[in-house]
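The structure file protein-v1.pdb is reproduced below (PDB, C-alpha atoms, pLDDT in the B column).
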```
ATOM      1  CA  MET Q  14       5.352  -3.994 -18.600  1.00 85.00           C
ATOM      2  CA  ASP Q  15       3.680  -5.181 -15.428  1.00 90.00           C
ATOM      3  CA  PRO Q  16       5.367  -3.844 -12.261  1.00 93.00           C
ATOM      4  CA  PHE Q  17       5.291  -7.338 -10.726  1.00 94.00           C
ATOM      5  CA  ILE Q  18       7.284  -8.757 -13.627  1.00 94.00           C
ATOM      6  CA  ALA Q  19       9.745  -5.882 -13.355  1.00 94.00           C
ATOM      7  CA  LEU Q  20      10.192  -6.523  -9.626  1.00 95.00           C
ATOM      8  CA  ALA Q  21      10.847 -10.240 -10.175  1.00 95.00           C
ATOM      9  CA  ASP Q  22      14.494  -9.613 -11.092  1.00 95.00           C
ATOM     10  CA  PRO Q  23      16.946  -9.043  -8.192  1.00 95.00           C
ATOM     11  CA  ILE Q  24      19.069  -6.598 -10.217  1.00 95.00           C
ATOM     12  CA  ARG Q  25      16.014  -4.426 -10.902  1.00 96.00           C
ATOM     13  CA  ARG Q  26      15.037  -4.532  -7.223  1.00 96.00           C
ATOM     14  CA  ASP Q  27      18.572  -3.380  -6.329  1.00 96.00           C
ATOM     15  CA  LEU Q  28      18.329  -0.578  -8.874  1.00 96.00           C
ATOM     16  CA  LEU Q  29      15.052   0.574  -7.329  1.00 96.00           C
ATOM     17  CA  ARG Q  30      16.653   0.535  -3.881  1.00 96.00           C
ATOM     18  CA  ALA Q  31      19.434   2.746  -5.206  1.00 96.00           C
ATOM     19  CA  LEU Q  32      16.926   5.098  -6.838  1.00 96.00           C
ATOM     20  CA  ALA Q  33      14.951   5.342  -3.587  1.00 95.00           C
ATOM     21  CA  SER Q  34      17.763   7.489  -2.172  1.00 94.00           C
ATOM     22  CA  GLY Q  35      17.603   9.890  -5.116  1.00 94.00           C
ATOM     23  CA  PRO Q  36      18.106  10.234  -8.864  1.00 95.00           C
ATOM     24  CA  ALA Q  37      21.205   8.629 -10.359  1.00 95.00           C
ATOM     25  CA  ARG Q  38      23.086   8.393 -13.623  1.00 94.00           C
ATOM     26  CA  VAL Q  39      23.367   5.111 -15.503  1.00 92.00           C
ATOM     27  CA  VAL Q  40      27.136   5.078 -15.074  1.00 92.00           C
ATOM     28  CA  ASP Q  41      26.801   5.408 -11.285  1.00 93.00           C
ATOM     29  CA  LEU Q  42      24.203   2.659 -11.088  1.00 94.00           C
ATOM     30  CA  ALA Q  43      26.271   0.369 -13.334  1.00 92.00           C
ATOM     31  CA  SER Q  44      29.328   0.756 -11.102  1.00 93.00           C
ATOM     32  CA  GLN Q  45      27.409  -0.935  -8.269  1.00 91.00           C
ATOM     33  CA  HIS Q  46      26.717  -4.133 -10.236  1.00 91.00           C
ATOM     34  CA  PRO Q  47      28.882  -6.834 -11.804  1.00 92.00           C
ATOM     35  CA  ILE Q  48      27.089  -6.511 -15.156  1.00 92.00           C
ATOM     36  CA  SER Q  49      27.782  -4.253 -18.127  1.00 93.00           C
ATOM     37  CA  ARG Q  50      26.470  -0.722 -18.455  1.00 93.00           C
ATOM     38  CA  PRO Q  51      24.289  -1.717 -21.458  1.00 94.00           C
ATOM     39  CA  ALA Q  52      22.747  -4.486 -19.324  1.00 95.00           C
ATOM     40  CA  VAL Q  53      21.996  -1.983 -16.541  1.00 95.00           C
ATOM     41  CA  SER Q  54      20.494   0.350 -19.149  1.00 94.00           C
ATOM     42  CA  LYS Q  55      18.227  -2.459 -20.314  1.00 96.00           C
ATOM     43  CA  HIS Q  56      17.064  -3.119 -16.746  1.00 96.00           C
ATOM     44  CA  LEU Q  57      16.401   0.600 -16.263  1.00 96.00           C
ATOM     45  CA  ARG Q  58      14.436   0.736 -19.513  1.00 96.00           C
ATOM     46  CA  LEU Q  59      12.225  -2.120 -18.255  1.00 96.00           C
ATOM     47  CA  LEU Q  60      11.692  -0.325 -14.941  1.00 97.00           C
ATOM     48  CA  THR Q  61      10.688   2.788 -16.869  1.00 96.00           C
ATOM     49  CA  GLU Q  62       8.265   0.814 -19.057  1.00 96.00           C
ATOM     50  CA  ALA Q  63       6.725  -0.654 -15.898  1.00 96.00           C
ATOM     51  CA  GLY Q  64       6.174   2.836 -14.485  1.00 96.00           C
ATOM     52  CA  LEU Q  65       8.584   2.249 -11.606  1.00 97.00           C
ATOM     53  CA  ALA Q  66      11.245   4.722 -12.765  1.00 97.00           C
ATOM     54  CA  THR Q  67      11.450   7.928 -14.746  1.00 96.00           C
ATOM     55  CA  VAL Q  68      14.254   9.077 -17.020  1.00 95.00           C
ATOM     56  CA  GLU Q  69      15.510  12.549 -17.839  1.00 93.00           C
ATOM     57  CA  ASP Q  70      18.104  13.341 -20.480  1.00 91.00           C
ATOM     58  CA  ARG Q  71      20.648  15.925 -19.372  1.00 88.00           C
ATOM     59  CA  GLY Q  72      23.038  16.479 -22.216  1.00 90.00           C
ATOM     60  CA  ARG Q  73      24.706  13.157 -22.941  1.00 89.00           C
ATOM     61  CA  GLU Q  74      23.690  11.644 -19.606  1.00 89.00           C
ATOM     62  CA  ARG Q  75      20.489   9.916 -18.611  1.00 90.00           C
ATOM     63  CA  HIS Q  76      19.308  10.401 -15.045  1.00 94.00           C
ATOM     64  CA  TYR Q  77      16.859   7.908 -13.556  1.00 96.00           C
ATOM     65  CA  ALA Q  78      14.584   8.436 -10.563  1.00 97.00           C
ATOM     66  CA  LEU Q  79      12.163   6.261  -8.627  1.00 96.00           C
ATOM     67  CA  ALA Q  80       8.511   6.713  -9.662  1.00 96.00           C
ATOM     68  CA  ARG Q  81       6.808   6.065  -6.329  1.00 94.00           C
ATOM     69  CA  ALA Q  82       3.308   6.111  -7.849  1.00 94.00           C
ATOM     70  CA  GLY Q  83       4.290   3.062  -9.914  1.00 94.00           C
ATOM     71  CA  LEU Q  84       4.489   1.072  -6.687  1.00 93.00           C
ATOM     72  CA  ASP Q  85       0.780   1.600  -5.909  1.00 93.00           C
ATOM     73  CA  PRO Q  86      -0.385  -1.734  -7.423  1.00 94.00           C
ATOM     74  CA  VAL Q  87       2.250  -3.555  -5.385  1.00 92.00           C
ATOM     75  CA  ARG Q  88       1.329  -1.668  -2.205  1.00 90.00           C
ATOM     76  CA  ASP Q  89      -2.375  -2.410  -2.799  1.00 88.00           C
ATOM     77  CA  LEU Q  90      -1.712  -6.122  -3.186  1.00 89.00           C
ATOM     78  CA  VAL Q  91       0.443  -6.258  -0.041  1.00 88.00           C
ATOM     79  CA  ASP Q  92      -2.243  -4.403   1.916  1.00 83.00           C
ATOM     80  CA  GLU Q  93      -4.904  -6.799   0.624  1.00 82.00           C
ATOM     81  CA  LEU Q  94      -2.865  -9.876   1.497  1.00 85.00           C
ATOM     82  CA  SER Q  95      -1.878  -8.618   4.932  1.00 83.00           C
ATOM     83  CA  GLY Q  96      -5.523  -8.185   5.892  1.00 78.00           C
ATOM     84  CA  ARG Q  97      -5.342  -4.437   6.388  1.00 69.00           C
ATOM     85  CA  ARG Q  98      -8.752  -2.923   6.205  1.00 68.00           C
ATOM     86  CA  PRO Q  99      -9.759   0.718   6.334  1.00 67.00           C
ATOM     87  CA  PRO Q 100     -10.551   1.909   9.850  1.00 72.00           C
ATOM     88  CA  ILE Q 101     -14.147   1.613  10.998  1.00 76.00           C
ATOM     89  CA  PRO Q 102     -15.749   5.068  11.079  1.00 79.00           C
ATOM     90  CA  GLU Q 103     -17.069   6.359  14.405  1.00 81.00           C
ATOM     91  CA  SER Q 104     -20.566   6.664  12.913  1.00 82.00           C
ATOM     92  CA  ALA Q 105     -20.665   2.878  12.492  1.00 82.00           C
ATOM     93  CA  PHE Q 106     -20.138   2.429  16.230  1.00 84.00           C
ATOM     94  CA  ASP Q 107     -22.854   4.991  16.953  1.00 86.00           C
ATOM     95  CA  ALA Q 108     -25.266   3.074  14.728  1.00 86.00           C
ATOM     96  CA  LEU Q 109     -24.318  -0.203  16.427  1.00 87.00           C
ATOM     97  CA  ASP Q 110     -24.907   1.330  19.871  1.00 87.00           C
ATOM     98  CA  LEU Q 111     -28.340   2.576  18.782  1.00 89.00           C
ATOM     99  CA  GLU Q 112     -29.281  -0.832  17.397  1.00 90.00           C
ATOM    100  CA  ILE Q 113     -28.209  -2.573  20.624  1.00 91.00           C
ATOM    101  CA  ARG Q 114     -30.327  -0.175  22.683  1.00 92.00           C
ATOM    102  CA  ARG Q 115     -33.354  -0.786  20.443  1.00 91.00           C
ATOM    103  CA  THR Q 116     -32.920  -4.546  20.668  1.00 90.00           C
ATOM    104  CA  VAL Q 117     -32.649  -4.449  24.471  1.00 90.00           C
ATOM    105  CA  ARG Q 118     -35.720  -2.215  24.711  1.00 90.00           C
ATOM    106  CA  ASP Q 119     -37.731  -4.519  22.448  1.00 89.00           C
ATOM    107  CA  ARG Q 120     -36.743  -7.595  24.453  1.00 88.00           C
ATOM    108  CA  ARG Q 121     -37.756  -5.944  27.698  1.00 86.00           C
ATOM    109  CA  GLY Q 122     -41.147  -5.427  26.151  1.00 77.00           C
ATOM    110  CA  ASP Q 123     -41.986  -2.309  28.091  1.00 58.00           C
ATOM    111  CA  GLY Q 124     -40.935   0.100  25.365  1.00 53.00           C
ATOM    112  CA  ASP Q 125     -38.833   2.157  27.760  1.00 54.00           C
ATOM    113  CA  ALA Q 126     -35.397   3.080  26.558  1.00 53.00           C
ATOM    114  CA  VAL Q 127     -32.498   1.770  28.590  1.00 52.00           C
ATOM    115  CA  PRO Q 128     -30.761   4.698  30.328  1.00 56.00           C
ATOM    116  CA  ASP Q 129     -27.087   5.221  29.562  1.00 56.00           C
ATOM    117  CA  GLY Q 130     -24.787   3.057  31.647  1.00 56.00           C
ATOM    118  CA  GLU Q 131     -27.514   0.627  32.754  1.00 56.00           C
ATOM    119  CA  ARG Q 132     -27.866  -2.905  31.552  1.00 57.00           C
ATOM    120  CA  PRO Q 133     -31.064  -4.879  31.815  1.00 53.00           C
ATOM    121  CA  GLN Q 134     -30.991  -7.821  34.187  1.00 57.00           C
ATOM    122  CA  GLU Q 135     -31.230 -11.177  32.520  1.00 53.00           C
ATOM    123  CA  GLU Q 136     -34.121 -13.340  33.578  1.00 52.00           C
ATOM    124  CA  SER Q 137     -33.023 -16.422  35.454  1.00 50.00           C
ATOM    125  CA  ALA Q 138     -34.281 -19.764  34.352  1.00 47.00           C
TER
END
```
How would this structure read if it were set down as structure tokens?
Amino acid sequence: MDPFIALADPIRRDLLRALASGPARVVDLASQHPISRPAVSKHLRLLTEAGLATVEDRGRERHYALARAGLDPVRDLVDELSGRRPPIPESAFDALDLEIRRTVRDRRGDGDAVPDGERPQEESA
């Protein structure tokens, strides 16, 4: 199941919030909702199929935990939509500085490099 479809249901989102604080048994999760334990189990099964939760059998009990890696597609989409971009590496600024210096030198026409901290004077019209 697609994690976005799994997250569309408010009960499943609440279950994930509960699992974010640590693993829990089905009976404990069901006590927090006004639906039956089998219905909560079905929601948890869907979360597991979507890769958002893991399940471990301990005797007769099933313990569920949040699978944080399953949230990666959601996190990637939110990052993409919020306009977050990776930081610009320092080497890119160094290359830009070099290109600006070359352009200024070429426009001056004398071939001399512009010393650090100095700007060429613009010709007045």
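We find atom CA of Ala78 of chain Q and atom CA of Leu94 of chain Q to be spaced 28.0 Å apart.
Pairwise distance (atom CA of Phe17 of chain Q, atom CA of Asp70 of chain Q) equals 26.2 Å.
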With distances taken over only C-alpha atoms, which of Q:Tyr77, Q:Leu59, Q:Phe106, Q:Thr116 is nearest to Ala31 of chain Q?
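Nearest to Ala31 of chain Q: Q:Tyr77.
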I would like the residues chosen by the PyMOL selection byres ((chain Q and resi 24-30) around 8) on the shown file; could you give them as a PyMOL selection string?
chain Q and resi 19-23+31-34+42+56-57+60+65-66+79
Using Å and a single decimal, report how far atom CA of Glu103 of chain Q sits from atom CA of Arg118 of chain Q.
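So the answer is 23.0 Å.
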I'd like the neighbourhood of Val40 of chain Q as a ChimeraX atom specification, where a residue qualifies if any of its atoms comes within 12 Å (using all atoms listed in the file), though same-chain residues fewer than 2 positions away should be ignored.
/Q:37-38,42-46,48-54,57,73-77
Export all heavy atoms of segment 107-118 of chain Q from the structure just given, as a PDB file, in the first residue's frame?
```pdb
ATOM      1  N   ASP Q 107      33.260  29.953  -4.887  1.00  0.00           N
ATOM      2  CA  ASP Q 107      34.624  30.214  -5.344  1.00  0.00           C
ATOM      3  C   ASP Q 107      34.665  30.318  -6.872  1.00  0.00           C
ATOM      4  O   ASP Q 107      35.317  31.204  -7.419  1.00  0.00           O
ATOM      5  CB  ASP Q 107      35.574  29.104  -4.877  1.00  0.00           C
ATOM      6  CG  ASP Q 107      35.755  29.086  -3.369  1.00  0.00           C
ATOM      7  OD1 ASP Q 107      35.472  30.121  -2.725  1.00  0.00           O
ATOM      8  OD2 ASP Q 107      36.167  28.039  -2.837  1.00  0.00           O
ATOM      9  N   ALA Q 108      33.961  29.406  -7.537  1.00  0.00           N
ATOM     10  CA  ALA Q 108      33.924  29.435  -8.997  1.00  0.00           C
ATOM     11  C   ALA Q 108      33.234  30.703  -9.496  1.00  0.00           C
ATOM     12  O   ALA Q 108      33.656  31.298 -10.493  1.00  0.00           O
ATOM     13  CB  ALA Q 108      33.216  28.198  -9.525  1.00  0.00           C
ATOM     14  N   LEU Q 109      32.177  31.121  -8.824  1.00  0.00           N
ATOM     15  CA  LEU Q 109      31.473  32.346  -9.207  1.00  0.00           C
ATOM     16  C   LEU Q 109      32.386  33.555  -9.032  1.00  0.00           C
ATOM     17  O   LEU Q 109      32.450  34.427  -9.912  1.00  0.00           O
ATOM     18  CB  LEU Q 109      30.205  32.505  -8.375  1.00  0.00           C
ATOM     19  CG  LEU Q 109      29.385  33.771  -8.629  1.00  0.00           C
ATOM     20  CD1 LEU Q 109      28.888  33.811 -10.072  1.00  0.00           C
ATOM     21  CD2 LEU Q 109      28.217  33.844  -7.651  1.00  0.00           C
ATOM     22  N   ASP Q 110      33.120  33.612  -7.935  1.00  0.00           N
ATOM     23  CA  ASP Q 110      34.050  34.718  -7.694  1.00  0.00           C
ATOM     24  C   ASP Q 110      35.106  34.775  -8.794  1.00  0.00           C
ATOM     25  O   ASP Q 110      35.405  35.845  -9.328  1.00  0.00           O
ATOM     26  CB  ASP Q 110      34.710  34.546  -6.316  1.00  0.00           C
ATOM     27  CG  ASP Q 110      35.667  35.677  -6.009  1.00  0.00           C
ATOM     28  OD1 ASP Q 110      35.224  36.849  -6.001  1.00  0.00           O
ATOM     29  OD2 ASP Q 110      36.864  35.391  -5.773  1.00  0.00           O
ATOM     30  N   LEU Q 111      35.653  33.623  -9.163  1.00  0.00           N
ATOM     31  CA  LEU Q 111      36.659  33.575 -10.226  1.00  0.00           C
ATOM     32  C   LEU Q 111      36.081  34.067 -11.551  1.00  0.00           C
ATOM     33  O   LEU Q 111      36.716  34.850 -12.273  1.00  0.00           O
ATOM     34  CB  LEU Q 111      37.188  32.143 -10.377  1.00  0.00           C
ATOM     35  CG  LEU Q 111      38.231  31.921 -11.463  1.00  0.00           C
ATOM     36  CD1 LEU Q 111      39.493  32.722 -11.171  1.00  0.00           C
ATOM     37  CD2 LEU Q 111      38.541  30.437 -11.570  1.00  0.00           C
ATOM     38  N   GLU Q 112      34.871  33.643 -11.865  1.00  0.00           N
ATOM     39  CA  GLU Q 112      34.249  34.059 -13.121  1.00  0.00           C
ATOM     40  C   GLU Q 112      33.986  35.567 -13.144  1.00  0.00           C
ATOM     41  O   GLU Q 112      34.182  36.241 -14.172  1.00  0.00           O
ATOM     42  CB  GLU Q 112      32.957  33.281 -13.357  1.00  0.00           C
ATOM     43  CG  GLU Q 112      32.359  33.493 -14.725  1.00  0.00           C
ATOM     44  CD  GLU Q 112      33.296  33.122 -15.866  1.00  0.00           C
ATOM     45  OE1 GLU Q 112      34.101  32.186 -15.738  1.00  0.00           O
ATOM     46  OE2 GLU Q 112      33.220  33.798 -16.915  1.00  0.00           O
ATOM     47  N   ILE Q 113      33.572  36.123 -12.021  1.00  0.00           N
ATOM     48  CA  ILE Q 113      33.349  37.579 -11.940  1.00  0.00           C
ATOM     49  C   ILE Q 113      34.650  38.322 -12.170  1.00  0.00           C
ATOM     50  O   ILE Q 113      34.702  39.304 -12.917  1.00  0.00           O
ATOM     51  CB  ILE Q 113      32.711  37.958 -10.593  1.00  0.00           C
ATOM     52  CG1 ILE Q 113      31.276  37.437 -10.540  1.00  0.00           C
ATOM     53  CG2 ILE Q 113      32.766  39.455 -10.359  1.00  0.00           C
ATOM     54  CD1 ILE Q 113      30.630  37.548  -9.185  1.00  0.00           C
ATOM     55  N   ARG Q 114      35.725  37.854 -11.547  1.00  0.00           N
ATOM     56  CA  ARG Q 114      37.032  38.508 -11.730  1.00  0.00           C
ATOM     57  C   ARG Q 114      37.490  38.440 -13.192  1.00  0.00           C
ATOM     58  O   ARG Q 114      38.012  39.414 -13.727  1.00  0.00           O
ATOM     59  CB  ARG Q 114      38.068  37.877 -10.812  1.00  0.00           C
ATOM     60  CG  ARG Q 114      37.819  38.213  -9.358  1.00  0.00           C
ATOM     61  CD  ARG Q 114      38.801  37.474  -8.457  1.00  0.00           C
ATOM     62  NE  ARG Q 114      38.492  37.703  -7.074  1.00  0.00           N
ATOM     63  CZ  ARG Q 114      38.854  38.773  -6.384  1.00  0.00           C
ATOM     64  NH1 ARG Q 114      39.551  39.725  -6.973  1.00  0.00           N
ATOM     65  NH2 ARG Q 114      38.518  38.910  -5.129  1.00  0.00           N
ATOM     66  N   ARG Q 115      37.285  37.304 -13.838  1.00  0.00           N
ATOM     67  CA  ARG Q 115      37.658  37.176 -15.250  1.00  0.00           C
ATOM     68  C   ARG Q 115      36.848  38.127 -16.121  1.00  0.00           C
ATOM     69  O   ARG Q 115      37.375  38.764 -17.030  1.00  0.00           O
ATOM     70  CB  ARG Q 115      37.431  35.746 -15.730  1.00  0.00           C
ATOM     71  CG  ARG Q 115      38.461  34.785 -15.272  1.00  0.00           C
ATOM     72  CD  ARG Q 115      38.191  33.414 -15.834  1.00  0.00           C
ATOM     73  NE  ARG Q 115      39.127  32.454 -15.305  1.00  0.00           N
ATOM     74  CZ  ARG Q 115      38.939  31.158 -15.297  1.00  0.00           C
ATOM     75  NH1 ARG Q 115      37.823  30.646 -15.799  1.00  0.00           N
ATOM     76  NH2 ARG Q 115      39.834  30.346 -14.805  1.00  0.00           N
ATOM     77  N   THR Q 116      35.560  38.207 -15.845  1.00  0.00           N
ATOM     78  CA  THR Q 116      34.685  39.079 -16.635  1.00  0.00           C
ATOM     79  C   THR Q 116      35.095  40.539 -16.470  1.00  0.00           C
ATOM     80  O   THR Q 116      35.185  41.298 -17.452  1.00  0.00           O
ATOM     81  CB  THR Q 116      33.218  38.889 -16.219  1.00  0.00           C
ATOM     82  OG1 THR Q 116      32.870  37.515 -16.391  1.00  0.00           O
ATOM     83  CG2 THR Q 116      32.291  39.769 -17.034  1.00  0.00           C
ATOM     84  N   VAL Q 117      35.386  40.953 -15.253  1.00  0.00           N
ATOM     85  CA  VAL Q 117      35.805  42.338 -14.999  1.00  0.00           C
ATOM     86  C   VAL Q 117      37.121  42.616 -15.712  1.00  0.00           C
ATOM     87  O   VAL Q 117      37.288  43.654 -16.354  1.00  0.00           O
ATOM     88  CB  VAL Q 117      35.917  42.588 -13.466  1.00  0.00           C
ATOM     89  CG1 VAL Q 117      36.627  43.901 -13.185  1.00  0.00           C
ATOM     90  CG2 VAL Q 117      34.540  42.565 -12.832  1.00  0.00           C
ATOM     91  N   ARG Q 118      38.054  41.672 -15.629  1.00  0.00           N
ATOM     92  CA  ARG Q 118      39.352  41.857 -16.286  1.00  0.00           C
ATOM     93  C   ARG Q 118      39.180  41.991 -17.791  1.00  0.00           C
ATOM     94  O   ARG Q 118      39.765  42.865 -18.430  1.00  0.00           O
ATOM     95  CB  ARG Q 118      40.273  40.678 -15.961  1.00  0.00           C
ATOM     96  CG  ARG Q 118      41.673  40.832 -16.556  1.00  0.00           C
ATOM     97  CD  ARG Q 118      42.494  39.577 -16.435  1.00  0.00           C
ATOM     98  NE  ARG Q 118      41.894  38.553 -17.282  1.00  0.00           N
ATOM     99  CZ  ARG Q 118      41.806  37.264 -16.957  1.00  0.00           C
ATOM    100  NH1 ARG Q 118      42.289  36.827 -15.821  1.00  0.00           N
ATOM    101  NH2 ARG Q 118      41.250  36.407 -17.775  1.00  0.00           N
TER     102      ARG Q 118
END
```
